[in-house]
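Q: Structure file query-v4.csv, CSV, C-alpha atoms, is pasted below:
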```csv
chain,number,residue,atom,x,y,z
A,1,MET,CA,3.8,18.1,-10.6
A,2,SER,CA,1.6,21.1,-9.8
A,3,THR,CA,0.7,20.2,-6.3
A,4,SER,CA,-0.4,22.3,-3.4
A,5,SER,CA,-1.4,21.7,0.2
A,6,ASP,CA,-4.8,21.5,1.7
A,7,PRO,CA,-5.5,23.4,5.0
A,8,ASP,CA,-4.3,20.4,7.0
A,9,GLY,CA,-0.9,20.4,5.3
A,10,PHE,CA,-1.6,17.3,3.1
A,11,GLU,CA,-0.6,17.4,-0.5
A,12,MET,CA,-3.4,17.9,-3.0
A,13,LEU,CA,-3.1,16.0,-6.3
A,14,THR,CA,-4.9,15.8,-9.6
A,15,PRO,CA,-6.2,12.4,-10.8
A,16,GLY,CA,-3.4,12.3,-13.4
A,17,GLU,CA,-0.8,12.9,-10.7
A,18,VAL,CA,-2.2,10.1,-8.6
A,19,LEU,CA,-2.1,7.7,-11.6
A,20,GLU,CA,1.5,8.7,-12.2
A,21,LEU,CA,2.4,8.0,-8.6
A,22,VAL,CA,1.0,4.5,-9.0
A,23,ARG,CA,3.0,4.0,-12.2
A,24,ASN,CA,6.2,5.0,-10.4
A,25,ILE,CA,5.9,2.8,-7.3
A,26,ARG,CA,9.3,1.3,-6.6
A,27,VAL,CA,8.9,-2.4,-6.4
A,28,HIS,CA,11.5,-4.6,-4.6
A,29,ARG,CA,13.4,-6.9,-7.0
A,30,ARG,CA,15.3,-10.1,-6.3
A,31,GLY,CA,17.0,-10.9,-9.6
A,32,ASP,CA,14.3,-11.1,-12.2
A,33,GLU,CA,11.6,-11.6,-9.6
A,34,ARG,CA,9.5,-8.6,-8.6
A,35,ALA,CA,7.9,-8.5,-5.1
A,36,PRO,CA,4.1,-7.8,-5.3
A,37,ASN,CA,4.0,-6.4,-1.7
A,38,LYS,CA,3.2,-2.7,-2.5
A,39,PRO,CA,0.8,-3.5,-5.3
A,40,LEU,CA,-1.1,-6.0,-3.2
A,41,LEU,CA,-1.3,-3.5,-0.3
A,42,LEU,CA,-2.7,-0.8,-2.7
A,43,LEU,CA,-5.3,-3.3,-4.1
A,44,PHE,CA,-6.3,-4.1,-0.5
A,45,ALA,CA,-6.7,-0.4,0.2
A,46,LEU,CA,-8.8,0.1,-2.9
A,47,GLY,CA,-11.0,-2.8,-2.0
A,48,ARG,CA,-11.5,-1.3,1.5
A,49,LEU,CA,-12.4,2.0,-0.1
A,50,ARG,CA,-14.9,0.4,-2.6
A,51,ASN,CA,-16.5,-1.3,0.4
A,52,GLY,CA,-16.9,1.9,2.3
A,53,ARG,CA,-14.4,1.0,5.0
A,54,ASP,CA,-12.3,3.6,6.9
A,55,ARG,CA,-9.3,5.1,5.2
A,56,LEU,CA,-6.9,4.1,7.9
A,57,VAL,CA,-6.5,0.4,8.8
A,58,ASP,CA,-4.9,-1.2,11.9
A,59,TYR,CA,-1.6,-2.9,11.0
A,60,ASN,CA,-2.9,-6.1,12.8
A,61,VAL,CA,-5.6,-6.3,10.0
A,62,VAL,CA,-3.0,-5.7,7.3
A,63,ASP,CA,-0.7,-8.3,8.8
A,64,ALA,CA,-3.5,-10.9,8.6
A,65,GLU,CA,-5.2,-10.0,5.4
A,66,VAL,CA,-2.3,-8.7,3.2
A,67,GLY,CA,-0.1,-11.4,4.7
A,68,SER,CA,-2.7,-14.0,3.4
A,69,LEU,CA,-2.7,-12.3,-0.1
A,70,LEU,CA,1.1,-12.3,-0.2
A,71,SER,CA,1.1,-16.0,0.7
A,72,GLU,CA,-1.4,-16.8,-2.0
A,73,PHE,CA,-0.4,-14.5,-4.8
A,74,GLY,CA,3.3,-13.7,-4.1
A,75,PRO,CA,6.3,-15.8,-5.0
A,76,PRO,CA,7.1,-18.6,-2.6
A,77,ARG,CA,8.9,-17.3,0.5
A,78,LYS,CA,10.0,-18.8,3.8
A,79,SER,CA,8.5,-15.8,5.6
A,80,ILE,CA,5.9,-13.1,4.6
A,81,HIS,CA,6.5,-9.5,5.5
A,82,PRO,CA,3.4,-7.2,5.1
A,83,GLU,CA,5.1,-4.7,7.3
A,84,TYR,CA,7.5,-3.8,4.5
A,85,PRO,CA,4.9,-2.3,2.1
A,86,PHE,CA,3.0,-0.9,5.1
A,87,TRP,CA,6.0,1.2,5.9
A,88,HIS,CA,7.9,1.6,2.6
A,89,LEU,CA,4.9,2.7,0.5
A,90,GLN,CA,5.2,6.0,2.3
A,91,ALA,CA,8.2,6.8,0.2
A,92,ASP,CA,6.1,6.5,-2.9
A,93,ARG,CA,3.7,9.1,-1.5
A,94,MET,CA,0.8,6.6,-1.7
A,95,TRP,CA,0.6,5.6,2.0
A,96,VAL,CA,0.7,7.3,5.4
A,97,VAL,CA,1.4,5.8,8.8
A,98,ARG,CA,-0.1,7.5,11.8
A,99,ASP,CA,2.2,8.3,14.7
A,100,ALA,CA,5.2,6.8,12.9
A,101,GLU,CA,7.6,8.8,15.0
A,102,ASP,CA,6.5,6.8,18.1
A,103,LEU,CA,7.7,3.5,16.7
A,104,ARG,CA,11.0,1.9,17.6
A,105,LEU,CA,13.1,1.2,14.5
A,106,ARG,CA,15.0,-2.0,13.7
A,107,LYS,CA,18.7,-1.7,14.3
A,108,GLY,CA,20.5,-0.4,11.3
A,109,SER,CA,17.2,0.2,9.4
A,110,SER,CA,14.7,2.9,8.7
A,111,ASN,CA,11.7,0.7,9.3
A,112,PRO,CA,10.1,-0.3,12.6
A,113,VAL,CA,10.1,-3.7,14.2
A,114,LYS,CA,7.0,-5.6,13.2
A,115,SER,CA,6.1,-6.2,16.9
A,116,GLU,CA,5.9,-2.4,17.3
A,117,LEU,CA,3.4,-2.1,14.6
A,118,LEU,CA,1.3,-4.9,16.1
A,119,ALA,CA,1.6,-3.8,19.7
A,120,HIS,CA,0.7,-0.1,19.0
A,121,HIS,CA,-2.1,-1.0,16.6
A,122,THR,CA,-0.5,1.3,14.2
A,123,LEU,CA,-2.8,2.9,11.6
A,124,GLY,CA,-1.9,3.4,8.0
A,125,GLY,CA,-3.7,4.1,4.8
A,126,LEU,CA,-4.0,6.1,1.6
A,127,PRO,CA,-3.1,9.8,2.0
A,128,PRO,CA,-6.2,11.9,2.7
A,129,ALA,CA,-6.0,13.7,-0.7
A,130,VAL,CA,-5.6,10.5,-2.6
A,131,HIS,CA,-8.5,8.9,-0.7
A,132,ALA,CA,-10.7,11.8,-1.3
A,133,LEU,CA,-10.0,11.7,-5.1
A,134,LEU,CA,-10.7,8.0,-5.2
A,135,VAL,CA,-14.0,8.3,-3.3
A,136,ALA,CA,-15.1,11.0,-5.7
A,137,ASP,CA,-13.9,9.3,-8.9
A,138,GLU,CA,-14.9,5.7,-9.2
A,139,GLY,CA,-13.2,5.6,-12.7
A,140,LEU,CA,-9.9,6.7,-11.2
A,141,CYS,CA,-10.2,3.9,-8.6
A,142,ARG,CA,-10.8,1.4,-11.4
A,143,SER,CA,-8.0,2.8,-13.5
A,144,ILE,CA,-5.5,2.4,-10.6
A,145,ALA,CA,-6.7,-1.1,-9.9
A,146,LEU,CA,-6.2,-2.1,-13.6
A,147,GLU,CA,-2.8,-0.4,-13.7
A,148,LEU,CA,-1.7,-2.4,-10.7
A,149,LEU,CA,-3.0,-5.6,-12.1
A,150,HIS,CA,-1.5,-5.2,-15.6
A,151,GLU,CA,1.9,-4.0,-14.3
A,152,HIS,CA,2.5,-6.4,-11.5
A,153,PHE,CA,0.4,-9.6,-11.9
A,154,PRO,CA,-0.1,-12.2,-14.6
A,155,SER,CA,-3.5,-11.9,-16.3
A,156,SER,CA,-4.4,-15.4,-15.2
A,157,ILE,CA,-5.0,-14.2,-11.6
A,158,HIS,CA,-6.6,-10.8,-12.2
A,159,GLU,CA,-10.1,-12.0,-11.6
A,160,GLU,CA,-9.1,-13.8,-8.4
A,161,LEU,CA,-7.3,-10.8,-7.1
A,162,LEU,CA,-10.3,-8.5,-7.8
A,163,ALA,CA,-12.5,-10.9,-5.9
```
Written as structure tokens, that's how I'd like the structure from this file.
A:
Amino acid sequence: MSTSSDPDGFEMLTPGEVLELVRNIRVHRRGDERAPNKPLLLLFALGRLRNGRDRLVDYNVVDAEVGSLLSEFGPPRKSIHPEYPFWHLQADRMWVVRDAEDLRLRKGSSNPVKSELLAHHTLGGLPPAVHALLVADEGLCRSIALELLHEHFPSSIHEELLA
């Protein structure tokens, strides 16, 4: 990738590079079952962007709204964990968490305790360069949404997810 940094130190990407990042998102697997957590969080972020919402979102909102999406569109689970994609999507370079260094991590883990995210009203969202590209290029936003849908969800629920 031929990336550079903007004056604030954030990575600048081309539309093709962003699409490639989306295609390379690591999705948790349990046997043959793929977890839709990261794709659902990204679809949620794209929906916020299309509706003119702020780039960064309070984890409390993610917990409620993405948690609801995971319950509805994810495989049956005893417990839902929207905190995992909120934290781990950073490794895929498609998410940033503000003030992450201030959060207490779970013992023996590299991710924070969910209660920390809630109590600190931790903000997360698309990286600034990705957000700027998507705001400027509605076609790229649509391409990413379609890529996420086709790669991670059965076609029978695409319309419902887009709604």
Q: I'd like the interatomic distance between CA of Ser71 in chain A and CA of Leu19 in chain A, to a tenth of an Å.
A: 26.9 Å
Q: Closest to Pro128 in chain A among A:Arg98, A:His158, A:Arg34, A:Lys78, using all atoms listed in the file?
A: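 Going through A:Arg98, A:His158, A:Arg34, A:Lys78 one by one, the smallest distance to Pro128 in chain A is for A:Arg98.
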Q: For Leu123 in chain A, which residue among A:Arg55, A:Arg23, A:His150, A:Lys38 is the nearest when counting only C-alpha atoms?
A: A:Arg55
Q: Return the single residue from A:Val96, A:Leu134, A:Leu149, A:Val66 that is closest to Gly52 in chain A, with distances computed using all atoms listed in the file.
A: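 Ranking A:Val96, A:Leu134, A:Leu149, A:Val66 by distance to Gly52 in chain A, first place goes to A:Leu134.
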Q: Which value, in Å to one decimal, gives the distance between CA of Gly124 in chain A and CA of Cys141 in chain A?
A: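 Atom-to-atom, CA of Gly124 in chain A and CA of Cys141 in chain A are spaced 18.6 Å apart.
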Q: Report the distance between CA of Asn60 in chain A and CA of Leu42 in chain A in Å, rounded to one decimal place.
A: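 Result for CA of Asn60 in chain A versus CA of Leu42 in chain A: 16.4 Å, one decimal.
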Q: Quick one: everything within 9 Å of Pro36 in chain A, counting only C-alpha atoms, minus sequence neighbours fewer than 6 positions away in the same chain. Send it as a VMD selection string.
A: chain A and resid 27 to 28 70 73 to 75 152 to 153
Q: Taking (1.3, 6.1, 11.8) in the coordinates of the supplied file, I want to know which residues reach to within 10 Å of it, counting only C-alpha atoms; could you give the answer as a PyMOL selection string?
A: chain A and resi 56+58-59+86-87+95-103+117+120-125
